[in-house]
$ cat run-v1.cif   # mmCIF, C-alpha atoms
data_run
#
loop_
_atom_site.label_atom_id
_atom_site.label_comp_id
_atom_site.auth_asym_id
_atom_site.auth_seq_id
_atom_site.Cartn_x
_atom_site.Cartn_y
_atom_site.Cartn_z
CA MET A 1 0.00 0.00 0.00
CA LYS A 2 1.46 3.33 -1.09
CA VAL A 3 0.25 6.63 0.36
CA GLY A 4 1.41 9.97 -1.04
CA VAL A 5 1.97 12.81 1.45
CA ILE A 6 1.21 16.14 -0.21
CA GLY A 7 0.76 19.72 0.94
CA LEU A 8 1.73 23.33 0.40
CA PRO A 9 5.39 24.31 0.91
CA GLN A 10 6.36 24.89 4.56
CA THR A 11 3.46 22.88 5.98
CA GLY A 12 5.72 20.32 7.66
CA LYS A 13 5.29 17.41 5.23
CA THR A 14 8.77 16.02 5.85
CA THR A 15 8.39 16.48 9.61
CA VAL A 16 5.11 14.57 9.43
CA LEU A 17 6.72 11.78 7.38
CA ASN A 18 9.54 11.51 9.94
CA ALA A 19 6.99 11.41 12.75
CA LEU A 20 4.91 8.72 11.07
CA THR A 21 7.75 6.46 10.01
CA GLY A 22 10.78 7.24 12.15
CA ALA A 23 12.66 8.39 9.04
CA HIS A 24 15.25 11.14 9.26
CA GLY A 25 14.55 13.35 6.26
CA ALA A 26 15.98 16.86 6.45
CA VAL A 27 13.37 19.40 7.57
CA GLY A 28 13.15 23.15 7.49
CA GLY A 29 13.36 23.68 3.73
CA SER A 30 11.22 23.07 0.70
CA HIS A 31 11.63 20.11 -1.63
CA ALA A 32 12.93 20.56 -5.12
CA PRO A 33 10.27 19.70 -7.70
CA ALA A 34 9.48 16.00 -7.94
CA LYS A 35 11.80 15.05 -5.09
CA VAL A 36 10.31 12.15 -3.16
CA GLY A 37 11.18 11.04 0.36
CA VAL A 38 10.08 7.54 1.30
CA GLY A 39 9.41 5.97 4.68
CA MET A 40 7.80 2.72 5.81
CA VAL A 41 5.45 2.39 8.75
CA LYS A 42 4.70 -0.96 10.34
CA VAL A 43 1.00 -1.61 10.92
CA PRO A 44 0.42 -2.40 14.60
CA ASP A 45 -1.89 -5.40 14.97
CA LYS A 46 -2.57 -7.26 18.20
CA ARG A 47 -3.55 -10.31 16.15
CA VAL A 48 0.04 -10.57 14.95
CA ASP A 49 1.20 -10.47 18.58
CA PHE A 50 -1.11 -13.40 19.39
CA LEU A 51 0.09 -15.43 16.41
CA VAL A 52 3.72 -14.82 17.38
CA GLU A 53 2.98 -16.07 20.87
CA LEU A 54 1.12 -19.08 19.46
CA PHE A 55 3.55 -20.19 16.75
CA LYS A 56 6.80 -18.75 18.16
CA PRO A 57 8.29 -18.09 14.70
CA LYS A 58 11.87 -17.09 14.00
CA LYS A 59 10.70 -14.25 11.76
CA VAL A 60 7.78 -11.84 11.77
CA ARG A 61 6.62 -9.96 8.70
CA PRO A 62 4.17 -7.22 9.72
CA ALA A 63 1.99 -5.42 7.21
CA THR A 64 3.49 -2.11 6.13
CA ILE A 65 2.42 1.12 4.47
CA GLU A 66 4.83 3.02 2.25
CA LEU A 67 4.57 6.77 2.71
CA GLU A 68 5.97 9.10 0.05
CA ASP A 69 6.74 12.74 0.81
CA ILE A 70 5.99 14.17 -2.63
CA GLY A 71 7.59 17.59 -3.05
CA GLY A 72 6.66 19.91 -5.86
CA VAL A 73 2.94 19.18 -6.18
CA PHE A 74 1.97 22.65 -4.98
CA ALA A 75 5.38 24.34 -5.18
CA HIS A 76 4.08 26.82 -7.74
CA MET A 77 1.39 28.17 -5.44
CA GLY A 78 2.13 31.55 -3.95
CA ALA A 79 4.46 32.25 -6.84
CA SER A 80 4.33 32.29 -10.60
CA GLY A 81 4.70 28.92 -12.27
CA GLN A 82 2.92 25.92 -13.71
CA GLN A 83 1.94 22.63 -12.11
CA ASP A 84 4.88 20.23 -11.87
CA GLY A 85 3.88 17.36 -14.13
CA GLN A 86 6.40 14.93 -12.64
CA ALA A 87 5.24 15.58 -9.09
CA PHE A 88 1.62 15.04 -10.11
CA ALA A 89 2.61 11.83 -11.92
CA THR A 90 4.20 10.57 -8.70
CA ALA A 91 1.05 11.42 -6.77
CA ARG A 92 -1.05 9.54 -9.33
CA ASP A 93 0.98 6.40 -8.59
CA ALA A 94 -0.15 6.39 -4.95
CA ASP A 95 -3.11 4.34 -3.71
CA ALA A 96 -4.27 7.17 -1.45
CA LEU A 97 -3.25 10.71 -0.56
CA THR A 98 -2.60 12.31 2.80
CA MET A 99 -3.05 16.07 2.55
CA VAL A 100 -1.03 17.94 5.22
CA LEU A 101 -2.71 21.16 6.34
CA ARG A 102 -0.69 23.63 8.36
CA CYS A 103 -2.33 24.78 11.58
CA PHE A 104 0.74 25.79 13.57
CA ALA A 105 2.00 29.38 13.73
CA ASP A 106 5.73 30.06 13.32
CA PRO A 107 6.92 33.58 12.45
CA THR A 108 10.28 32.16 11.33
CA VAL A 109 8.52 30.04 8.67
CA PRO A 110 6.20 32.32 6.66
CA HIS A 111 3.11 30.70 5.19
CA VAL A 112 3.27 30.53 1.40
CA LEU A 113 -0.21 32.12 1.15
CA GLY A 114 0.48 34.76 3.78
CA SER A 115 -1.49 33.42 6.75
CA VAL A 116 -2.44 30.20 8.53
CA ASN A 117 -5.85 29.09 7.30
CA PRO A 118 -6.22 25.32 6.81
CA ALA A 119 -9.76 25.51 5.37
CA ARG A 120 -8.56 27.92 2.67
CA ASP A 121 -5.48 25.79 1.99
CA TYR A 122 -7.63 22.68 1.59
CA ALA A 123 -9.88 24.47 -0.88
CA ARG A 124 -6.92 25.79 -2.90
CA MET A 125 -5.21 22.41 -3.06
CA SER A 126 -8.46 20.69 -3.98
CA GLU A 127 -8.81 23.14 -6.87
CA GLU A 128 -5.32 22.20 -8.06
CA LEU A 129 -6.14 18.48 -7.97
CA LEU A 130 -9.34 19.15 -9.90
CA LEU A 131 -7.42 21.15 -12.49
CA ALA A 132 -4.89 18.34 -12.92
CA ASP A 133 -7.69 15.82 -13.49
CA LEU A 134 -9.52 18.19 -15.83
CA CYS A 135 -6.45 18.33 -18.07
CA VAL A 136 -6.33 14.52 -18.24
CA VAL A 137 -10.06 14.19 -18.96
CA GLU A 138 -10.06 16.85 -21.67
CA HIS A 139 -6.99 15.37 -23.35
CA ARG A 140 -8.58 11.92 -23.45
CA LEU A 141 -11.95 13.25 -24.61
CA GLU A 142 -10.26 14.99 -27.50
CA HIS A 143 -8.59 11.77 -28.62
CA ILE A 144 -11.51 9.42 -28.02
CA SER A 145 -13.85 11.68 -30.00
CA LYS A 146 -11.57 11.23 -32.99
CA ASP A 147 -10.97 7.51 -32.40
CA ILE A 148 -14.65 6.65 -32.16
CA LYS A 149 -15.34 7.95 -35.69
CA ARG A 150 -12.85 5.61 -37.37
CA ALA A 151 -13.04 2.62 -35.03
CA PRO A 152 -14.65 -0.67 -36.18
CA ALA A 153 -18.15 -1.35 -34.89
CA ALA A 154 -17.03 -3.78 -32.17
CA ALA A 155 -14.56 -1.30 -30.69
CA ARG A 156 -16.87 1.67 -31.17
CA GLU A 157 -19.33 0.42 -28.57
CA ASN A 158 -16.64 0.20 -25.87
CA LEU A 159 -15.29 3.61 -26.82
CA GLN A 160 -18.79 5.09 -26.54
CA VAL A 161 -19.14 3.67 -23.02
CA GLU A 162 -15.79 5.22 -22.08
CA LEU A 163 -16.76 8.50 -23.73
CA ASP A 164 -20.02 8.73 -21.80
CA LEU A 165 -18.22 7.97 -18.54
CA LEU A 166 -15.51 10.56 -19.17
CA GLU A 167 -18.13 13.17 -20.00
CA SER A 168 -19.72 12.49 -16.61
CA CYS A 169 -16.29 12.89 -15.02
CA HIS A 170 -15.75 16.13 -16.92
CA ALA A 171 -19.04 17.55 -15.66
CA ALA A 172 -18.24 16.56 -12.05
CA VAL A 173 -14.77 18.14 -12.16
CA GLU A 174 -16.06 21.35 -13.72
CA GLU A 175 -18.66 21.58 -10.95
CA GLY A 176 -15.89 21.18 -8.37
CA HIS A 177 -17.13 17.89 -6.96
CA GLY A 178 -14.31 15.60 -8.03
CA ILE A 179 -14.53 12.26 -9.78
CA ARG A 180 -15.34 10.46 -6.51
CA SER A 181 -18.81 12.00 -6.77
CA VAL A 182 -19.58 10.21 -10.06
CA GLN A 183 -21.89 7.22 -9.64
CA MET A 184 -20.29 4.28 -11.43
CA SER A 185 -20.29 0.51 -11.47
CA SER A 186 -17.28 -1.62 -10.56
CA VAL A 187 -16.71 -2.21 -14.28
CA GLN A 188 -16.67 1.54 -14.95
CA GLU A 189 -14.37 2.12 -12.01
CA LYS A 190 -11.91 -0.41 -13.46
CA MET A 191 -12.17 1.40 -16.79
CA LEU A 192 -10.94 4.60 -15.11
CA ARG A 193 -8.19 2.94 -13.09
CA SER A 194 -5.50 3.50 -15.72
CA TYR A 195 -6.06 7.25 -15.59
CA ALA A 196 -5.16 7.34 -11.87
CA PHE A 197 -7.36 10.38 -11.28
CA LEU A 198 -6.29 12.31 -8.20
CA THR A 199 -9.85 13.24 -7.20
CA LEU A 200 -10.86 9.58 -7.36
CA LYS A 201 -8.26 8.56 -4.78
CA PRO A 202 -9.18 8.33 -1.10
CA THR A 203 -7.82 11.43 0.63
CA ILE A 204 -7.00 11.78 4.32
CA CYS A 205 -6.61 15.26 5.80
CA LEU A 206 -3.88 15.63 8.41
CA LEU A 207 -3.84 18.77 10.56
CA ASN A 208 -0.27 19.57 11.56
CA VAL A 209 -0.76 21.54 14.78
CA GLY A 210 1.48 23.19 17.36
CA GLU A 211 1.96 21.70 20.82
CA ASP A 212 -0.50 24.21 22.29
CA GLN A 213 -3.17 23.19 19.76
CA ILE A 214 -3.23 19.41 20.23
CA GLU A 215 -6.57 19.33 22.03
CA LYS A 216 -8.30 21.95 19.87
CA PRO A 217 -11.44 20.45 18.25
CA VAL A 218 -11.31 19.87 14.51
CA GLU A 219 -14.37 22.10 14.16
CA GLY A 220 -12.23 25.01 15.28
CA TRP A 221 -10.29 24.90 12.03
CA GLY A 222 -13.40 25.21 9.86
CA LEU A 223 -13.01 21.62 8.65
CA THR A 224 -16.19 19.67 9.32
CA GLY A 225 -18.09 16.93 7.56
CA PHE A 226 -14.96 15.22 6.24
CA GLU A 227 -15.04 11.49 5.57
CA PRO A 228 -12.82 10.05 6.86
CA ALA A 229 -12.37 12.47 9.75
CA PRO A 230 -9.14 14.51 9.74
CA VAL A 231 -6.17 13.30 11.77
CA VAL A 232 -4.76 15.82 14.24
CA MET A 233 -1.08 15.55 15.15
CA CYS A 234 1.82 17.72 16.18
CA GLY A 235 4.43 16.65 13.65
CA ARG A 236 7.39 18.24 15.44
CA LEU A 237 6.51 16.74 18.82
CA GLU A 238 5.84 13.28 17.40
CA MET A 239 9.05 13.39 15.39
CA GLU A 240 10.92 13.94 18.67
CA ILE A 241 9.04 11.03 20.24
CA MET A 242 9.99 8.73 17.37
CA GLU A 243 13.65 9.59 17.95
CA LEU A 244 13.43 8.13 21.48
CA GLU A 245 13.96 4.49 22.40
CA GLU A 246 10.66 2.63 22.13
CA ALA A 247 10.60 1.91 25.87
CA GLU A 248 10.80 5.64 26.64
CA ARG A 249 8.01 6.78 24.32
CA GLY A 250 5.08 5.90 26.57
CA ALA A 251 6.13 8.21 29.40
CA PHE A 252 6.86 11.04 26.99
CA MET A 253 3.46 10.62 25.35
CA ALA A 254 1.72 10.66 28.73
CA ASP A 255 3.48 13.91 29.67
CA ALA A 256 2.37 15.43 26.36
CA GLY A 257 -1.22 14.25 26.79
CA LEU A 258 -1.10 11.94 23.76
CA LYS A 259 -3.22 8.79 23.87
CA GLU A 260 -1.73 7.46 20.63
CA LEU A 261 0.70 8.50 17.93
CA GLY A 262 -0.55 9.97 14.69
CA ALA A 263 0.69 6.95 12.74
CA SER A 264 -1.99 4.73 14.28
CA ALA A 265 -4.76 7.13 13.27
CA VAL A 266 -3.37 7.55 9.74
CA ILE A 267 -3.16 3.77 9.31
CA ARG A 268 -6.78 3.35 10.42
CA ARG A 269 -7.97 6.05 8.05
CA CYS A 270 -6.00 4.49 5.16
CA TYR A 271 -7.41 1.03 5.84
CA GLU A 272 -10.96 2.37 6.05
CA ALA A 273 -10.63 4.55 2.94
CA LEU A 274 -8.99 1.83 0.83
CA ARG A 275 -11.27 -0.96 2.06
CA VAL A 276 -8.25 -3.03 3.03
CA ARG A 277 -8.37 -6.45 4.66
CA THR A 278 -5.54 -8.25 6.45
CA PHE A 279 -4.94 -11.99 6.35
CA PHE A 280 -2.19 -13.95 8.09
CA THR A 281 0.11 -16.84 7.30
CA PHE A 282 2.48 -19.08 9.18
CA ALA A 283 4.95 -20.89 6.94
CA ASN A 284 8.69 -21.53 6.85
CA ASP A 285 8.90 -20.46 10.48
CA GLU A 286 7.54 -16.98 9.70
CA VAL A 287 4.33 -15.25 10.73
CA GLY A 288 3.21 -12.82 8.06
CA ALA A 289 0.49 -10.18 7.78
CA TRP A 290 -0.67 -9.33 4.25
CA THR A 291 -3.07 -6.73 2.91
CA ILE A 292 -5.60 -7.14 0.10
CA GLN A 293 -8.62 -5.23 -1.16
CA ALA A 294 -12.06 -6.19 0.11
CA GLY A 295 -13.49 -8.67 -2.38
CA ASP A 296 -10.15 -10.20 -3.43
CA ASN A 297 -10.20 -13.98 -3.77
CA ALA A 298 -7.80 -16.65 -2.55
CA VAL A 299 -5.70 -16.62 -5.73
CA VAL A 300 -5.12 -12.88 -5.46
CA ALA A 301 -4.19 -13.31 -1.80
CA ALA A 302 -1.74 -16.09 -2.67
CA GLY A 303 -0.16 -13.84 -5.28
CA LYS A 304 0.55 -11.21 -2.61
CA ILE A 305 2.99 -13.68 -1.08
CA HIS A 306 4.52 -15.04 -4.28
CA SER A 307 3.43 -15.22 -7.92
CA ASP A 308 4.19 -18.98 -7.97
CA MET A 309 1.54 -19.53 -5.30
CA ALA A 310 -1.07 -17.87 -7.50
CA LYS A 311 -0.01 -19.72 -10.66
CA GLY A 312 0.01 -23.14 -9.00
CA PHE A 313 -2.87 -22.53 -6.59
CA VAL A 314 -4.59 -25.73 -5.44
CA ARG A 315 -6.55 -24.73 -2.34
CA ALA A 316 -6.50 -22.58 0.76
CA GLU A 317 -6.81 -23.93 4.29
CA ALA A 318 -8.39 -21.04 6.20
CA VAL A 319 -9.46 -20.43 9.77
CA ALA A 320 -10.93 -17.22 11.15
CA PHE A 321 -8.60 -15.54 13.65
CA ASP A 322 -11.30 -15.42 16.34
CA ASP A 323 -11.94 -19.15 15.95
CA LEU A 324 -8.22 -19.91 16.16
CA LYS A 325 -7.87 -17.77 19.26
CA ALA A 326 -10.88 -19.37 20.91
CA CYS A 327 -9.58 -22.88 20.18
CA GLY A 328 -6.09 -22.04 21.38
CA SER A 329 -4.17 -23.90 18.69
CA LEU A 330 -4.35 -24.82 15.02
CA LYS A 331 -4.61 -28.49 15.98
CA ASP A 332 -7.67 -27.86 18.16
CA ALA A 333 -9.20 -25.58 15.52
CA LYS A 334 -8.98 -28.47 13.05
CA ALA A 335 -10.44 -30.87 15.62
CA HIS A 336 -13.44 -28.56 16.09
CA GLY A 337 -14.00 -28.22 12.34
CA LYS A 338 -13.00 -24.56 12.21
CA VAL A 339 -10.39 -24.99 9.47
CA ARG A 340 -12.03 -24.78 6.07
CA LEU A 341 -10.84 -25.92 2.64
CA GLU A 342 -11.49 -23.10 0.19
CA GLY A 343 -11.13 -22.88 -3.58
CA ARG A 344 -9.69 -20.21 -5.83
CA ASP A 345 -12.88 -18.07 -5.84
CA TYR A 346 -13.13 -17.85 -2.06
CA GLU A 347 -13.38 -14.21 -0.92
CA VAL A 348 -10.71 -13.82 1.75
CA GLN A 349 -12.05 -12.29 4.95
CA ASP A 350 -10.29 -9.91 7.30
CA GLY A 351 -8.48 -11.93 9.95
CA ASP A 352 -8.28 -15.21 8.02
CA VAL A 353 -5.24 -17.31 8.92
CA ILE A 354 -4.43 -19.18 5.71
CA THR A 355 -2.15 -21.98 4.55
CA PHE A 356 -1.91 -22.05 0.77
CA ARG A 357 -1.41 -25.33 -1.07
CA PHE A 358 0.05 -24.98 -4.54
CA GLY A 359 1.82 -27.03 -7.16
CA GLY A 360 5.05 -26.36 -9.03
#
$ encode --input "run-v1.cif" --output "structure tokens"
Amino acid sequence: MKVGVIGLPQTGKTTVLNALTGAHGAVGGSHAPAKVGVGMVKVPDKRVDFLVELFKPKKVRPATIELEDIGGVFAHMGASGQQDGQAFATARDADALTMVLRCFADPTVPHVLGSVNPARDYARMSEELLLADLCVVEHRLEHISKDIKRAPAAARENLQVELDLLESCHAAVEEGHGIRSVQMSSVQEKMLRSYAFLTLKPTICLLNVGEDQIEKPVEGWGLTGFEPAPVVMCGRLEMEIMELEEAERGAFMADAGLKELGASAVIRRCYEALRVRTFFTFANDEVGAWTIQAGDNAVVAAGKIHSDMAKGFVRAEAVAFDDLKACGSLKDAKAHGKVRLEGRDYEVQDGDVITFRFGG
């Protein structure tokens, strides 16, 4: 899972990335166009802890989220210049976007738009994303209108379906609603996937606040009605916490009045927005946690581990995590009939513990 971190210059994007991942990217300056900083965050999951205690593996492979600090997306704002095509291309490659909104005041770091106003910044950045998608839609409409006239009858029907869908997208973008607002079937959604529209991607708002603003309600920033709800975090403070030894972080968080780190909230929002499910494996003395989309079948899940498993898929032996925990062991789960034999079309459920059988 890849999540792009975007925001206006001087909003603390790199600080936020460091806080979320424990990375050590240089802060205090603005990225050069298209420069990308990358960090990985491990997904905390108490189910993994139970499986480690149960199976006592030599290795543990937790689920991870890759966060990309994408500089240059809005670098032109506040100054003359055009959208950075490469930065937008990088953002299009992400599965979801985290939009960092500056709430903290710092006279030594002037705001690119002159004042701190996260609601205004969100609106301006949303306009830029809409404009980027509008350019893609109009370019494709221009070409498809020409292609449909000279295409053979069989291809013309598919092109007409795509044309109608893109015209709906065009209308939505022009009205400022974004492509997420377009009602479409799963088939139509797949048709649009190659365009990687920015306003079709799930977007999480992250309010980067000062230490004195941590407990301020979200409503106080003029940002209400968002789905999913914005994440509030003090990037600078949490970056300092991540630089401590893990055993020392709890006491520091308690002193700061933090119940959890921002990374946990961001992970939850990403999972909810992307409709992600987690399944688990124990093989070759390793417990693994793997993420798939809701609706993915057993073959797709097997392919997340290795392409050979998907190609040679025979069956999946699956047990629900809650059933395994209640039984206390895999042996007892089998004895109580909780381990199921599933075929290639089985829709993997969140929490399934699976052993894949496959041929060479």
$ residues_around --input "run-v1.cif" --residues "Ala310 in chain A" --least-positions-apart "4" --cutoff "7 Å" --atoms "all atoms listed in the file" --output "list of chain:residue names"
A:Val299, A:Val300, A:Ala302, A:Gly303
$ write_last_selection --input "run-v1.cif" --atoms "C-alpha atoms" --output "short mmCIF file (atom, residue, chain, number, x, y, z; two decimals), keeping the file's coordinate frame"
data_model
loop_
_atom_site.label_atom_id
_atom_site.label_comp_id
_atom_site.auth_asym_id
_atom_site.auth_seq_id
_atom_site.Cartn_x
_atom_site.Cartn_y
_atom_site.Cartn_z
CA VAL A 299 -5.70 -16.62 -5.73
CA VAL A 300 -5.12 -12.88 -5.46
CA ALA A 302 -1.74 -16.09 -2.67
CA GLY A 303 -0.16 -13.84 -5.28
#
$ closest_atom_pairs --input "run-v1.cif" --of "range 129-182 of chain A" --to "range 90-102 of chain A" --cutoff "12 Å" --atoms "all atoms listed in the file" --output "Markdown table"
| residue | atom | partner | partner_atom | distance |
| --- | --- | --- | --- | --- |
| A:Leu129 | CA | A:Ala91 | CA | 10.1 |
| A:Ala132 | CA | A:Arg92 | CA | 10.3 |
| A:Asp133 | CA | A:Arg92 | CA | 10.0 |
| A:Val136 | CA | A:Arg92 | CA | 11.5 |
$ closest_residue --input "run-v1.cif" --among "A:Gly288, A:Gly257, A:Gly328, A:Gly235" --to "Ile354 in chain A" --atoms "all atoms listed in the file"
A:Gly288
$ atom_distance --input "run-v1.cif" --atom1 "CA of Asp322 in chain A" --atom2 "CA of Glu286 in chain A"
20.0 Å
$ axis_aligned_box --input "run-v1.cif" --around "range 152-160 of chain A" --padding-each-side "3 Å" --output "lines of an AutoDock Vina configuration file"
center_x = -16.9
center_y = 0.7
center_z = -31.0
size_x = 10.8
size_y = 14.9
size_z = 16.3
$ closest_residue --input "run-v1.cif" --among "A:Val266, A:Leu159, A:Ala256, A:Leu113" --to "Ile241 in chain A" --atoms "only C-alpha atoms"
A:Ala256
$ closest_residue --input "run-v1.cif" --among "A:Ile148, A:Leu261, A:Gly210, A:Cys205" --to "Thr224 in chain A" --atoms "all atoms listed in the file"
A:Cys205
$ closest_residue --input "run-v1.cif" --among "A:Ala294, A:Leu244, A:Ala87, A:Met40" --to "Glu66 in chain A" --atoms "all atoms listed in the file"
A:Met40
$ resolve_selection --input "run-v1.cif" --expression "the PyMOL selection byres ((chain A and resi 120) around 12)" --output "MDAnalysis selection string"
chainID A and resid 8 101:103 113:119 121:127 221:223
$ closest_atom_pairs --input "run-v1.cif" --of "range 129-238 of chain A" --to "range 274-277 of chain A" --cutoff "12 Å" --atoms "only C-alpha atoms" --output "tab-separated table"
residue	atom	partner	partner_atom	distance
A:Leu200	CA	A:Leu274	CA	11.4
A:Lys201	CA	A:Leu274	CA	8.8
A:Pro202	CA	A:Leu274	CA	6.8
A:Thr203	CA	A:Leu274	CA	9.7
A:Ile204	CA	A:Leu274	CA	10.7
A:Pro228	CA	A:Leu274	CA	10.9
$ write_last_selection --input "run-v1.cif" --atoms "C-alpha atoms" --output "mmCIF file, in the frame of the given file"
data_model
loop_
_atom_site.group_PDB
_atom_site.id
_atom_site.type_symbol
_atom_site.label_atom_id
_atom_site.label_comp_id
_atom_site.auth_asym_id
_atom_site.auth_seq_id
_atom_site.Cartn_x
_atom_site.Cartn_y
_atom_site.Cartn_z
ATOM 1 C CA LEU A 200 -10.860 9.580 -7.360
ATOM 2 C CA LYS A 201 -8.260 8.560 -4.780
ATOM 3 C CA PRO A 202 -9.180 8.330 -1.100
ATOM 4 C CA THR A 203 -7.820 11.430 0.630
ATOM 5 C CA ILE A 204 -7.000 11.780 4.320
ATOM 6 C CA PRO A 228 -12.820 10.050 6.860
#
$ closest_residue --input "run-v1.cif" --among "A:Pro110, A:Pro62, A:Gly4, A:Pro230" --to "Val218 in chain A" --atoms "all atoms listed in the file"
A:Pro230
$ resolve_selection --input "run-v1.cif" --expression "the PyMOL selection byres ((chain A and resi 189) around 12)" --output "PyMOL selection string"
chain A and resi 162+165-166+169+179-180+182-188+190-197+200-201
